[in-house]
file target_11.cif (mmCIF, C-alpha atoms and all ligand atoms)
data_final
loop_
_atom_site.group_PDB
_atom_site.id
_atom_site.type_symbol
_atom_site.label_atom_id
_atom_site.label_comp_id
_atom_site.auth_asym_id
_atom_site.auth_seq_id
_atom_site.Cartn_x
_atom_site.Cartn_y
_atom_site.Cartn_z
ATOM 1 C CA MET F 254 -16.075 -15.378 -1.415
ATOM 2 C CA ASN F 255 -17.044 -11.740 -0.768
ATOM 3 C CA ILE F 256 -16.775 -11.115 2.970
ATOM 4 C CA ILE F 257 -17.664 -8.047 5.037
ATOM 5 C CA LEU F 258 -16.098 -7.517 8.452
ATOM 6 C CA LEU F 259 -18.498 -5.802 10.801
ATOM 7 C CA GLY F 260 -17.793 -4.671 14.354
ATOM 8 C CA ALA F 261 -17.364 -1.600 16.522
ATOM 9 C CA PRO F 262 -14.124 0.422 16.391
ATOM 10 C CA GLY F 263 -11.573 -1.641 18.300
ATOM 11 C CA ALA F 264 -13.460 -4.940 17.988
ATOM 12 C CA GLY F 265 -10.426 -6.456 16.249
ATOM 13 C CA LYS F 266 -11.412 -6.170 12.580
ATOM 14 C CA GLY F 267 -7.971 -5.128 11.360
ATOM 15 C CA THR F 268 -6.194 -7.679 13.543
ATOM 16 C CA GLN F 269 -8.356 -10.526 12.277
ATOM 17 C CA ALA F 270 -8.391 -9.231 8.697
ATOM 18 C CA THR F 271 -4.629 -9.781 8.371
ATOM 19 C CA ARG F 272 -5.100 -13.420 9.396
ATOM 20 C CA ILE F 273 -8.232 -14.088 7.336
ATOM 21 C CA SER F 274 -6.673 -12.490 4.283
ATOM 22 C CA GLU F 275 -3.573 -14.721 4.561
ATOM 23 C CA LYS F 276 -5.483 -17.915 5.198
ATOM 24 C CA PHE F 277 -8.181 -17.462 2.546
ATOM 25 C CA GLY F 278 -6.077 -15.556 0.015
ATOM 26 C CA LEU F 279 -8.447 -12.586 -0.128
ATOM 27 C CA PRO F 280 -7.383 -8.954 -0.623
ATOM 28 C CA HIS F 281 -7.910 -6.949 2.582
ATOM 29 C CA ILE F 282 -9.650 -3.690 1.729
ATOM 30 C CA SER F 283 -9.920 -1.219 4.597
ATOM 31 C CA THR F 284 -11.620 2.110 3.921
ATOM 32 C CA GLY F 285 -9.878 3.529 7.002
ATOM 33 C CA ASP F 286 -6.481 2.551 5.515
ATOM 34 C CA ILE F 287 -7.449 4.070 2.154
ATOM 35 C CA PHE F 288 -8.360 7.372 3.845
ATOM 36 C CA ARG F 289 -5.180 7.403 5.972
ATOM 37 C CA ASP F 290 -3.070 6.745 2.882
ATOM 38 C CA ASN F 291 -4.753 9.643 1.061
ATOM 39 C CA ILE F 292 -4.274 11.934 4.057
ATOM 40 C CA LYS F 293 -0.569 11.044 4.188
ATOM 41 C CA ARG F 294 -0.143 11.755 0.478
ATOM 42 C CA GLY F 295 -2.125 15.003 0.740
ATOM 43 C CA THR F 296 -4.550 14.144 -2.062
ATOM 44 C CA GLU F 297 -7.873 15.923 -2.563
ATOM 45 C CA ILE F 298 -9.713 12.967 -1.011
ATOM 46 C CA GLY F 299 -7.240 13.055 1.880
ATOM 47 C CA LEU F 300 -7.848 16.738 2.567
ATOM 48 C CA LEU F 301 -11.582 16.161 2.653
ATOM 49 C CA ALA F 302 -11.373 12.953 4.708
ATOM 50 C CA LYS F 303 -9.088 14.451 7.349
ATOM 51 C CA SER F 304 -11.733 16.892 8.597
ATOM 52 C CA TYR F 305 -14.018 13.931 9.341
ATOM 53 C CA THR F 306 -11.579 11.276 10.576
ATOM 54 C CA ASP F 307 -10.020 13.767 13.036
ATOM 55 C CA LYS F 308 -13.424 14.225 14.657
ATOM 56 C CA GLY F 309 -14.477 10.593 14.500
ATOM 57 C CA GLN F 310 -17.271 11.295 12.033
ATOM 58 C CA LEU F 311 -18.034 9.388 8.861
ATOM 59 C CA VAL F 312 -16.589 10.659 5.595
ATOM 60 C CA PRO F 313 -19.543 11.525 3.283
ATOM 61 C CA ASP F 314 -21.208 8.499 1.691
ATOM 62 C CA GLU F 315 -20.867 9.730 -1.861
ATOM 63 C CA VAL F 316 -17.071 9.862 -1.676
ATOM 64 C CA THR F 317 -16.724 6.638 0.308
ATOM 65 C CA CYS F 318 -19.037 4.557 -1.889
ATOM 66 C CA LYS F 319 -17.282 5.684 -5.068
ATOM 67 C CA ILE F 320 -13.865 4.693 -3.692
ATOM 68 C CA VAL F 321 -15.123 1.232 -2.768
ATOM 69 C CA GLU F 322 -16.976 0.690 -6.025
ATOM 70 C CA GLU F 323 -13.800 1.504 -7.986
ATOM 71 C CA ARG F 324 -11.557 -0.589 -5.716
ATOM 72 C CA LEU F 325 -13.761 -3.682 -6.103
ATOM 73 C CA LYS F 326 -13.306 -3.498 -9.872
ATOM 74 C CA ALA F 327 -9.572 -4.226 -9.539
ATOM 75 C CA PRO F 328 -8.446 -7.631 -10.831
ATOM 76 C CA ASP F 329 -7.379 -8.870 -7.370
ATOM 77 C CA CYS F 330 -11.048 -8.811 -6.268
ATOM 78 C CA LYS F 331 -12.165 -11.109 -9.076
ATOM 79 C CA ASP F 332 -12.309 -14.189 -6.804
ATOM 80 C CA GLY F 333 -13.448 -12.421 -3.676
ATOM 81 C CA TYR F 334 -12.519 -9.744 -1.165
ATOM 82 C CA LEU F 335 -12.468 -8.944 2.523
ATOM 83 C CA LEU F 336 -14.002 -5.534 3.205
ATOM 84 C CA ASP F 337 -13.068 -3.971 6.549
ATOM 85 C CA GLY F 338 -14.861 -0.817 7.720
ATOM 86 C CA PHE F 339 -17.396 -0.619 4.903
ATOM 87 C CA PRO F 340 -20.380 -0.405 4.901
ATOM 88 C CA ARG F 341 -20.828 1.694 8.033
ATOM 89 C CA ASN F 342 -24.452 2.796 7.628
ATOM 90 C CA LEU F 343 -27.618 1.646 5.868
ATOM 91 C CA PHE F 344 -27.110 3.885 2.858
ATOM 92 C CA GLN F 345 -23.646 2.410 2.189
ATOM 93 C CA ALA F 346 -25.031 -1.128 2.602
ATOM 94 C CA GLN F 347 -27.753 -0.458 0.049
ATOM 95 C CA GLU F 348 -25.252 1.076 -2.375
ATOM 96 C CA LEU F 349 -22.942 -1.928 -1.979
ATOM 97 C CA ASP F 350 -25.858 -4.216 -2.861
ATOM 98 C CA LYS F 351 -26.099 -2.354 -6.168
ATOM 99 C CA PHE F 352 -22.493 -2.941 -7.237
ATOM 100 C CA SER F 353 -21.526 -6.226 -5.553
ATOM 101 C CA LYS F 354 -22.901 -9.366 -3.964
ATOM 102 C CA VAL F 355 -22.135 -10.016 -0.310
ATOM 103 C CA ASP F 356 -21.699 -13.699 0.609
ATOM 104 C CA ALA F 357 -20.965 -13.461 4.315
ATOM 105 C CA VAL F 358 -20.934 -10.749 6.963
ATOM 106 C CA LEU F 359 -18.673 -11.564 9.854
ATOM 107 C CA ASN F 360 -19.725 -9.654 12.951
ATOM 108 C CA ILE F 361 -17.058 -9.445 15.658
ATOM 109 C CA ASP F 362 -18.923 -8.916 18.878
ATOM 110 C CA VAL F 363 -17.193 -7.100 21.764
ATOM 111 C CA ASP F 364 -18.869 -5.295 24.651
ATOM 112 C CA LEU F 365 -18.532 -1.540 24.075
ATOM 113 C CA SER F 366 -17.175 -1.039 27.610
ATOM 114 C CA LEU F 367 -13.892 -2.743 26.550
ATOM 115 C CA LEU F 368 -13.260 -0.638 23.476
ATOM 116 C CA MET F 369 -12.026 2.662 24.930
ATOM 117 C CA ALA F 370 -9.023 0.910 26.513
ATOM 118 C CA ARG F 371 -8.331 -1.169 23.396
ATOM 119 C CA LEU F 372 -8.314 1.917 21.150
ATOM 120 C CA CYS F 373 -6.454 4.360 23.380
ATOM 121 C CA GLY F 374 -3.685 1.757 23.828
ATOM 122 C CA ARG F 375 -3.516 0.775 20.152
ATOM 123 C CA ARG F 376 -0.229 1.152 18.268
ATOM 124 C CA VAL F 377 -0.097 0.603 14.525
ATOM 125 C CA CYS F 378 2.764 -0.357 12.212
ATOM 126 C CA LYS F 379 3.600 2.492 9.804
ATOM 127 C CA ASN F 380 4.748 -0.006 7.226
ATOM 128 C CA CYS F 381 2.271 -2.931 7.169
ATOM 129 C CA GLY F 382 -0.653 -1.616 9.246
ATOM 130 C CA GLU F 383 -0.637 -4.393 11.856
ATOM 131 C CA SER F 384 -2.271 -3.383 15.186
ATOM 132 C CA TYR F 385 -0.744 -3.904 18.620
ATOM 133 C CA HIS F 386 -1.631 -2.889 22.146
ATOM 134 C CA VAL F 387 0.758 -1.152 24.570
ATOM 135 C CA ASP F 388 -0.188 -3.612 27.310
ATOM 136 C CA PHE F 389 1.244 -6.496 25.258
ATOM 137 C CA LEU F 390 4.234 -4.786 23.608
ATOM 138 C CA GLY F 391 6.449 -4.952 26.683
ATOM 139 C CA GLY F 392 8.160 -1.719 25.619
ATOM 140 C CA LYS F 393 8.961 -2.896 22.053
ATOM 141 C CA ALA F 394 8.793 -0.106 19.504
ATOM 142 C CA ASP F 395 8.771 -2.034 16.202
ATOM 143 C CA CYS F 396 6.461 -4.361 14.345
ATOM 144 C CA GLU F 397 6.869 -8.082 14.958
ATOM 145 C CA ARG F 398 5.859 -8.911 11.390
ATOM 146 C CA CYS F 399 8.008 -6.488 9.408
ATOM 147 C CA GLY F 400 10.175 -4.465 11.785
ATOM 148 C CA GLY F 401 8.332 -1.239 10.878
ATOM 149 C CA GLU F 402 7.986 1.650 13.293
ATOM 150 C CA LEU F 403 4.858 1.741 15.486
ATOM 151 C CA TYR F 404 2.776 4.884 15.952
ATOM 152 C CA GLN F 405 -0.416 5.993 17.664
ATOM 153 C CA ARG F 406 -3.263 7.036 15.364
ATOM 154 C CA LYS F 407 -4.371 10.635 15.787
ATOM 155 C CA ASP F 408 -8.015 9.547 16.228
ATOM 156 C CA ASP F 409 -7.183 7.054 19.001
ATOM 157 C CA ASN F 410 -7.747 9.555 21.811
ATOM 158 C CA GLU F 411 -10.565 9.563 24.379
ATOM 159 C CA GLU F 412 -12.628 12.332 22.839
ATOM 160 C CA THR F 413 -12.544 11.043 19.265
ATOM 161 C CA VAL F 414 -13.051 7.434 20.344
ATOM 162 C CA GLY F 415 -16.161 8.579 22.263
ATOM 163 C CA ASN F 416 -17.547 10.030 19.024
ATOM 164 C CA ARG F 417 -16.635 6.948 17.002
ATOM 165 C CA LEU F 418 -18.440 4.669 19.451
ATOM 166 C CA ARG F 419 -21.528 6.916 19.304
ATOM 167 C CA VAL F 420 -21.452 6.880 15.503
ATOM 168 C CA TYR F 421 -21.123 3.090 15.592
ATOM 169 C CA ASN F 422 -24.171 2.724 17.892
ATOM 170 C CA GLU F 423 -26.337 5.064 15.877
ATOM 171 C CA GLN F 424 -25.322 4.252 12.306
ATOM 172 C CA THR F 425 -23.387 0.996 12.034
ATOM 173 C CA ALA F 426 -25.023 -1.301 14.614
ATOM 174 C CA PRO F 427 -28.329 -1.333 12.635
ATOM 175 C CA LEU F 428 -26.451 -3.244 9.907
ATOM 176 C CA ILE F 429 -26.525 -6.319 12.157
ATOM 177 C CA GLU F 430 -30.272 -6.498 11.658
ATOM 178 C CA TYR F 431 -30.003 -5.604 7.971
ATOM 179 C CA TYR F 432 -27.684 -8.542 7.241
ATOM 180 C CA THR F 433 -29.473 -10.907 9.622
ATOM 181 C CA LYS F 434 -32.640 -10.384 7.569
ATOM 182 C CA LYS F 435 -30.680 -11.179 4.414
ATOM 183 C CA GLY F 436 -29.501 -14.429 6.035
ATOM 184 C CA VAL F 437 -25.756 -13.715 5.641
ATOM 185 C CA LEU F 438 -24.764 -12.623 9.167
ATOM 186 C CA ARG F 439 -22.293 -14.784 11.111
ATOM 187 C CA SER F 440 -21.397 -13.533 14.590
ATOM 188 C CA VAL F 441 -18.395 -14.468 16.674
ATOM 189 C CA ASN F 442 -17.453 -13.544 20.219
ATOM 190 C CA GLY F 443 -14.500 -11.139 19.882
ATOM 191 C CA VAL F 444 -13.359 -11.395 23.510
ATOM 192 C CA GLY F 445 -10.460 -13.730 24.179
ATOM 193 C CA ASP F 446 -6.976 -14.311 22.751
ATOM 194 C CA ILE F 447 -6.424 -13.082 19.206
ATOM 195 C CA GLU F 448 -5.711 -16.656 18.044
ATOM 196 C CA GLU F 449 -8.787 -17.946 19.876
ATOM 197 C CA VAL F 450 -10.997 -15.373 18.133
ATOM 198 C CA PHE F 451 -9.378 -16.297 14.810
ATOM 199 C CA ALA F 452 -10.205 -19.979 15.411
ATOM 200 C CA ARG F 453 -13.870 -19.025 16.003
ATOM 201 C CA ILE F 454 -13.859 -17.063 12.749
ATOM 202 C CA CYS F 455 -12.415 -19.994 10.769
ATOM 203 C CA GLU F 456 -15.112 -22.202 12.254
ATOM 204 C CA VAL F 457 -17.993 -19.942 11.077
ATOM 205 C CA LEU F 458 -16.410 -19.339 7.655
ATOM 206 C CA ARG F 459 -16.039 -23.016 6.848
HETATM 207 P P1 LIG F 501 -10.518 -2.488 14.624
HETATM 208 O O1 LIG F 501 -9.853 -2.678 13.288
HETATM 209 O O2 LIG F 501 -11.793 -3.265 14.744
HETATM 210 O O3 LIG F 501 -10.705 -1.046 14.982
HETATM 211 P P2 LIG F 501 -7.990 -3.522 15.749
HETATM 212 O O4 LIG F 501 -7.836 -4.833 15.106
HETATM 213 O O5 LIG F 501 -7.118 -2.420 15.286
HETATM 214 O O6 LIG F 501 -9.559 -3.088 15.753
HETATM 215 O O7 LIG F 501 -7.774 -3.724 17.329
HETATM 216 C C1 LIG F 501 -7.963 -2.629 18.242
HETATM 217 C C2 LIG F 501 -7.034 -2.808 19.459
HETATM 218 O O8 LIG F 501 -7.434 -3.968 20.199
HETATM 219 C C3 LIG F 501 -5.558 -3.019 19.104
HETATM 220 O O9 LIG F 501 -4.788 -2.408 20.099
HETATM 221 C C4 LIG F 501 -5.399 -4.534 19.136
HETATM 222 O O10 LIG F 501 -4.066 -4.934 19.441
HETATM 223 C C5 LIG F 501 -6.370 -4.922 20.250
HETATM 224 N N1 LIG F 501 -6.986 -6.260 20.068
HETATM 225 C C6 LIG F 501 -7.342 -6.866 18.907
HETATM 226 N N2 LIG F 501 -7.860 -8.080 19.138
HETATM 227 C C7 LIG F 501 -7.870 -8.252 20.478
HETATM 228 C C8 LIG F 501 -8.280 -9.323 21.355
HETATM 229 N N3 LIG F 501 -8.809 -10.457 20.880
HETATM 230 N N4 LIG F 501 -8.121 -9.134 22.684
HETATM 231 C C9 LIG F 501 -7.586 -7.986 23.181
HETATM 232 N N5 LIG F 501 -7.168 -6.954 22.405
HETATM 233 C C10 LIG F 501 -7.301 -7.081 21.083
HETATM 234 P P1 LIG F 502 -11.562 1.636 13.248
HETATM 235 O O1 LIG F 502 -10.940 0.405 12.643
HETATM 236 O O2 LIG F 502 -10.914 2.025 14.506
HETATM 237 O O3 LIG F 502 -13.053 1.538 13.352
HETATM 238 P P2 LIG F 502 -11.185 2.820 10.649
HETATM 239 O O4 LIG F 502 -9.745 2.771 10.312
HETATM 240 O O5 LIG F 502 -12.076 1.777 10.075
HETATM 241 O O6 LIG F 502 -11.297 2.826 12.244
HETATM 242 O O7 LIG F 502 -11.802 4.229 10.277
HETATM 243 C C1 LIG F 502 -11.162 5.439 10.647
HETATM 244 C C2 LIG F 502 -12.005 6.617 10.172
HETATM 245 O O8 LIG F 502 -12.091 6.601 8.721
HETATM 246 C C3 LIG F 502 -13.459 6.613 10.633
HETATM 247 O O9 LIG F 502 -13.617 7.188 11.932
HETATM 248 C C4 LIG F 502 -14.129 7.460 9.542
HETATM 249 O O10 LIG F 502 -13.880 8.835 9.741
HETATM 250 C C5 LIG F 502 -13.376 7.023 8.284
HETATM 251 N N1 LIG F 502 -14.056 5.892 7.617
HETATM 252 C C6 LIG F 502 -13.595 4.630 7.489
HETATM 253 N N2 LIG F 502 -14.485 3.845 6.822
HETATM 254 C C7 LIG F 502 -15.548 4.664 6.532
HETATM 255 C C8 LIG F 502 -16.793 4.458 5.869
HETATM 256 N N3 LIG F 502 -17.159 3.264 5.398
HETATM 257 N N4 LIG F 502 -17.626 5.527 5.739
HETATM 258 C C9 LIG F 502 -17.282 6.730 6.215
HETATM 259 N N5 LIG F 502 -16.138 6.980 6.869
HETATM 260 C C10 LIG F 502 -15.259 5.974 7.025
HETATM 261 ZN ZN ZN F 503 4.615 -4.117 10.224
#
call {"tool": "encode", "arguments": {"input": "target_11.cif", "output": "structure tokens", "more": "lines below"}}
Ligand code: ADP
Ligand code: ADP
Ligand code: ZN
result
Amino acid sequence: MNIILLGAPGAGKGTQATRISEKFGLPHISTGDIFRDNIKRGTEIGLLAKSYTDKGQLVPDEVTCKIVEERLKAPDCKDGYLLDGFPRNLFQAQELDKFSKVDAVLNIDVDLSLLMARLCGRRVCKNCGESYHVDFLGGKADCERCGGELYQRKDDNEETVGNRLRVYNEQTAPLIEYYTKKGVLRSVNGVGDIEEVFARICEVLR
């Protein structure tokens, strides 16, 4: 099954993706992770992406679409994939329709008023990418899954988060209607315990 994870920044896409990917045996493909990896390695794509991710703006469509199109050709995507963070605007959605077939779009719905606190308190594992929140870490500094070191993403600050939420409202939210019209949208309430939200997701993916 080819699944898209849709939702505002901080809705819990990455958190749920880890669980969905394990349970359904699908490769988790996050465009944000791909950009951060390129930035870390100092590649040409990384240098370009950094100027956008630092400001909370979208990396140009041409670059982003090409990366995804190539990634979906890899053998691990043969029996399905879980795309997290792509598409993020109508143009990307239309491009994706040209090179792949989307079976289900899982929309994680969280009121925007909750997202600033979720994102500014987010801590991410350097090693496996798992997300945590300072409020629930109780002072722990390493990842529960792999023992990796936790860090705060450079774009998880108030100013950049403000931009990312604006970009979401203007460019990404219209995809809800786009996929509703195609009859593939499945929405879940993203407020509640992580395991509770995961149970809702399993229910709609059955
Ligand atoms: P996204 O990938 O959609 O940007 P993340 O999965 O990284 O979001 O989660 C953003 C922040 O919200 C993290 O700090 C994470 O620990 C926290 N979070 C995720 N799911 C929930 C939830 N159900 N309730 C409260 N906080 C959550
Ligand atoms: P979050 O999970 O908090 O929404 P991501 O890790 O998905 O954040 O994305 C981080 C940044 O990477 C975005 O603010 C944007 O600059 C860039 N990015 C990720 N996916 C895309 C995409 N599909 N198109 C353009 N830019 C993207
Ligand atoms: Zn880890």
call {"tool": "closest_residue", "arguments": {"input": "target_11.cif", "among": "F:Phe451, F:Tyr334, F:Tyr385, F:Phe339", "to": "ligand ZN 503 (chain F)", "atoms": "only C-alpha atoms and all ligand atoms"}}
result
F:Tyr385
call {"tool": "closest_residue", "arguments": {"input": "target_11.cif", "among": "F:Cys399, F:Asn422, F:Glu297, F:Pro262", "to": "Ala370 (chain F)", "atoms": "only C-alpha atoms"}}
result
F:Pro262
call {"tool": "residues_near_ligand", "arguments": {"input": "target_11.cif", "ligand": "ligand LIG 502 (chain F)", "cutoff": "6 Å", "atoms": "all atoms listed in the file", "output": "list in words"}}
result
Pro262, Gly263, Thr284, Gly285, Asp286, Tyr305, Thr306, Gly309, Gln310, Leu311, Val312, Thr317, Gly338, Phe339, Pro340, Arg341 and Arg417 of chain F
call {"tool": "closest_residue", "arguments": {"input": "target_11.cif", "among": "F:Ala264, F:Met369, F:Ile298, F:Ile429", "to": "Ala357 (chain F)", "atoms": "all atoms listed in the file"}}
result
F:Ile429
call {"tool": "closest_residue", "arguments": {"input": "target_11.cif", "among": "F:Leu300, F:Cys373, F:Leu403, F:Ile282", "to": "ligand ZN 503 (chain F)", "atoms": "only C-alpha atoms and all ligand atoms"}}
result
F:Leu403
call {"tool": "closest_atom_pairs", "arguments": {"input": "target_11.cif", "of": "chain F", "to": "ligand ZN 503 (chain F)", "cutoff": "9 Å", "atoms": "only C-alpha atoms and all ligand atoms", "output": "Markdown table"}}
result
| residue | atom | partner | partner_atom | distance |
| --- | --- | --- | --- | --- |
| F:Val377 | CA | F:ZN503 | ZN | 7.9 |
| F:Cys378 | CA | F:ZN503 | ZN | 4.6 |
| F:Lys379 | CA | F:ZN503 | ZN | 6.7 |
| F:Asn380 | CA | F:ZN503 | ZN | 5.1 |
| F:Cys381 | CA | F:ZN503 | ZN | 4.0 |
| F:Gly382 | CA | F:ZN503 | ZN | 5.9 |
| F:Glu383 | CA | F:ZN503 | ZN | 5.5 |
| F:Ser384 | CA | F:ZN503 | ZN | 8.5 |
| F:Asp395 | CA | F:ZN503 | ZN | 7.6 |
| F:Cys396 | CA | F:ZN503 | ZN | 4.5 |
| F:Glu397 | CA | F:ZN503 | ZN | 6.6 |
| F:Arg398 | CA | F:ZN503 | ZN | 5.1 |
| F:Cys399 | CA | F:ZN503 | ZN | 4.2 |
| F:Gly400 | CA | F:ZN503 | ZN | 5.8 |
| F:Gly401 | CA | F:ZN503 | ZN | 4.7 |
| F:Glu402 | CA | F:ZN503 | ZN | 7.4 |
| F:Leu403 | CA | F:ZN503 | ZN | 7.9 |
call {"tool": "atom_distance", "arguments": {"input": "target_11.cif", "atom1": "CA of Pro313 (chain F)", "atom2": "CA of Tyr431 (chain F)"}}
result
20.6 Å
call {"tool": "closest_residue", "arguments": {"input": "target_11.cif", "among": "F:Val316, F:Asp329, F:Asp356, F:Arg376", "to": "Tyr432 (chain F)", "atoms": "only C-alpha atoms"}}
result
F:Asp356
call {"tool": "residues_near_ligand", "arguments": {"input": "target_11.cif", "ligand": "ligand LIG 501 (chain F)", "cutoff": "7 Å", "atoms": "only C-alpha atoms and all ligand atoms", "output": "ChimeraX atom specification"}}
result
/F:260-269,371-372,374-376,384-386,443-447,450
call {"tool": "decode", "arguments": {"input": "target_11.cif", "residues": "region 340-361 of chain F", "atoms": "N, CA and C atoms", "output": "PDB file, in the first residue's frame"}}
result
ATOM      1  N   PRO F 340       3.379  15.049  -0.501  1.00  0.00           N
ATOM      2  CA  PRO F 340       3.489  16.413  -1.044  1.00  0.00           C
ATOM      3  C   PRO F 340       3.073  17.465  -0.023  1.00  0.00           C
ATOM      4  N   ARG F 341       3.556  18.696  -0.255  1.00  0.00           N
ATOM      5  CA  ARG F 341       3.261  19.806   0.643  1.00  0.00           C
ATOM      6  C   ARG F 341       2.556  20.943  -0.066  1.00  0.00           C
ATOM      7  N   ASN F 342       2.295  20.819  -1.347  1.00  0.00           N
ATOM      8  CA  ASN F 342       1.475  21.814  -2.058  1.00  0.00           C
ATOM      9  C   ASN F 342       0.828  21.116  -3.262  1.00  0.00           C
ATOM     10  N   LEU F 343      -0.069  21.842  -3.934  1.00  0.00           N
ATOM     11  CA  LEU F 343      -0.821  21.217  -5.027  1.00  0.00           C
ATOM     12  C   LEU F 343       0.073  20.768  -6.170  1.00  0.00           C
ATOM     13  N   PHE F 344       1.098  21.580  -6.469  1.00  0.00           N
ATOM     14  CA  PHE F 344       1.983  21.211  -7.569  1.00  0.00           C
ATOM     15  C   PHE F 344       2.649  19.860  -7.288  1.00  0.00           C
ATOM     16  N   GLN F 345       3.172  19.691  -6.069  1.00  0.00           N
ATOM     17  CA  GLN F 345       3.829  18.424  -5.711  1.00  0.00           C
ATOM     18  C   GLN F 345       2.838  17.257  -5.779  1.00  0.00           C
ATOM     19  N   ALA F 346       1.598  17.499  -5.371  1.00  0.00           N
ATOM     20  CA  ALA F 346       0.584  16.428  -5.403  1.00  0.00           C
ATOM     21  C   ALA F 346       0.309  16.006  -6.846  1.00  0.00           C
ATOM     22  N   GLN F 347       0.242  16.987  -7.727  1.00  0.00           N
ATOM     23  CA  GLN F 347      -0.020  16.662  -9.139  1.00  0.00           C
ATOM     24  C   GLN F 347       1.166  15.943  -9.767  1.00  0.00           C
ATOM     25  N   GLU F 348       2.379  16.352  -9.390  1.00  0.00           N
ATOM     26  CA  GLU F 348       3.573  15.661  -9.893  1.00  0.00           C
ATOM     27  C   GLU F 348       3.591  14.208  -9.400  1.00  0.00           C
ATOM     28  N   LEU F 349       3.298  14.026  -8.110  1.00  0.00           N
ATOM     29  CA  LEU F 349       3.293  12.676  -7.541  1.00  0.00           C
ATOM     30  C   LEU F 349       2.319  11.780  -8.302  1.00  0.00           C
ATOM     31  N   ASP F 350       1.162  12.335  -8.657  1.00  0.00           N
ATOM     32  CA  ASP F 350       0.174  11.557  -9.424  1.00  0.00           C
ATOM     33  C   ASP F 350       0.744  11.067 -10.759  1.00  0.00           C
ATOM     34  N   LYS F 351       1.731  11.796 -11.269  1.00  0.00           N
ATOM     35  CA  LYS F 351       2.330  11.389 -12.552  1.00  0.00           C
ATOM     36  C   LYS F 351       3.293  10.223 -12.397  1.00  0.00           C
ATOM     37  N   PHE F 352       3.969  10.117 -11.230  1.00  0.00           N
ATOM     38  CA  PHE F 352       4.952   9.029 -11.123  1.00  0.00           C
ATOM     39  C   PHE F 352       4.592   7.933 -10.121  1.00  0.00           C
ATOM     40  N   SER F 353       3.465   8.065  -9.417  1.00  0.00           N
ATOM     41  CA  SER F 353       3.070   6.994  -8.501  1.00  0.00           C
ATOM     42  C   SER F 353       1.572   7.037  -8.251  1.00  0.00           C
ATOM     43  N   LYS F 354       1.068   5.955  -7.659  1.00  0.00           N
ATOM     44  CA  LYS F 354      -0.365   5.904  -7.365  1.00  0.00           C
ATOM     45  C   LYS F 354      -0.555   5.895  -5.846  1.00  0.00           C
ATOM     46  N   VAL F 355      -1.330   6.859  -5.367  1.00  0.00           N
ATOM     47  CA  VAL F 355      -1.553   6.986  -3.934  1.00  0.00           C
ATOM     48  C   VAL F 355      -2.786   6.180  -3.533  1.00  0.00           C
ATOM     49  N   ASP F 356      -2.617   5.268  -2.556  1.00  0.00           N
ATOM     50  CA  ASP F 356      -3.768   4.452  -2.127  1.00  0.00           C
ATOM     51  C   ASP F 356      -4.528   5.085  -0.967  1.00  0.00           C
ATOM     52  N   ALA F 357      -3.798   5.675  -0.034  1.00  0.00           N
ATOM     53  CA  ALA F 357      -4.471   6.259   1.125  1.00  0.00           C
ATOM     54  C   ALA F 357      -3.694   7.474   1.609  1.00  0.00           C
ATOM     55  N   VAL F 358      -4.425   8.501   2.008  1.00  0.00           N
ATOM     56  CA  VAL F 358      -3.814   9.698   2.579  1.00  0.00           C
ATOM     57  C   VAL F 358      -4.326   9.831   4.005  1.00  0.00           C
ATOM     58  N   LEU F 359      -3.393   9.668   4.926  1.00  0.00           N
ATOM     59  CA  LEU F 359      -3.749   9.698   6.338  1.00  0.00           C
ATOM     60  C   LEU F 359      -3.523  11.106   6.859  1.00  0.00           C
ATOM     61  N   ASN F 360      -4.613  11.777   7.214  1.00  0.00           N
ATOM     62  CA  ASN F 360      -4.509  13.156   7.685  1.00  0.00           C
ATOM     63  C   ASN F 360      -4.586  13.181   9.208  1.00  0.00           C
ATOM     64  N   ILE F 361      -3.489  13.606   9.846  1.00  0.00           N
ATOM     65  CA  ILE F 361      -3.478  13.700  11.308  1.00  0.00           C
ATOM     66  C   ILE F 361      -3.903  15.116  11.688  1.00  0.00           C
TER      67      ILE F 361
END
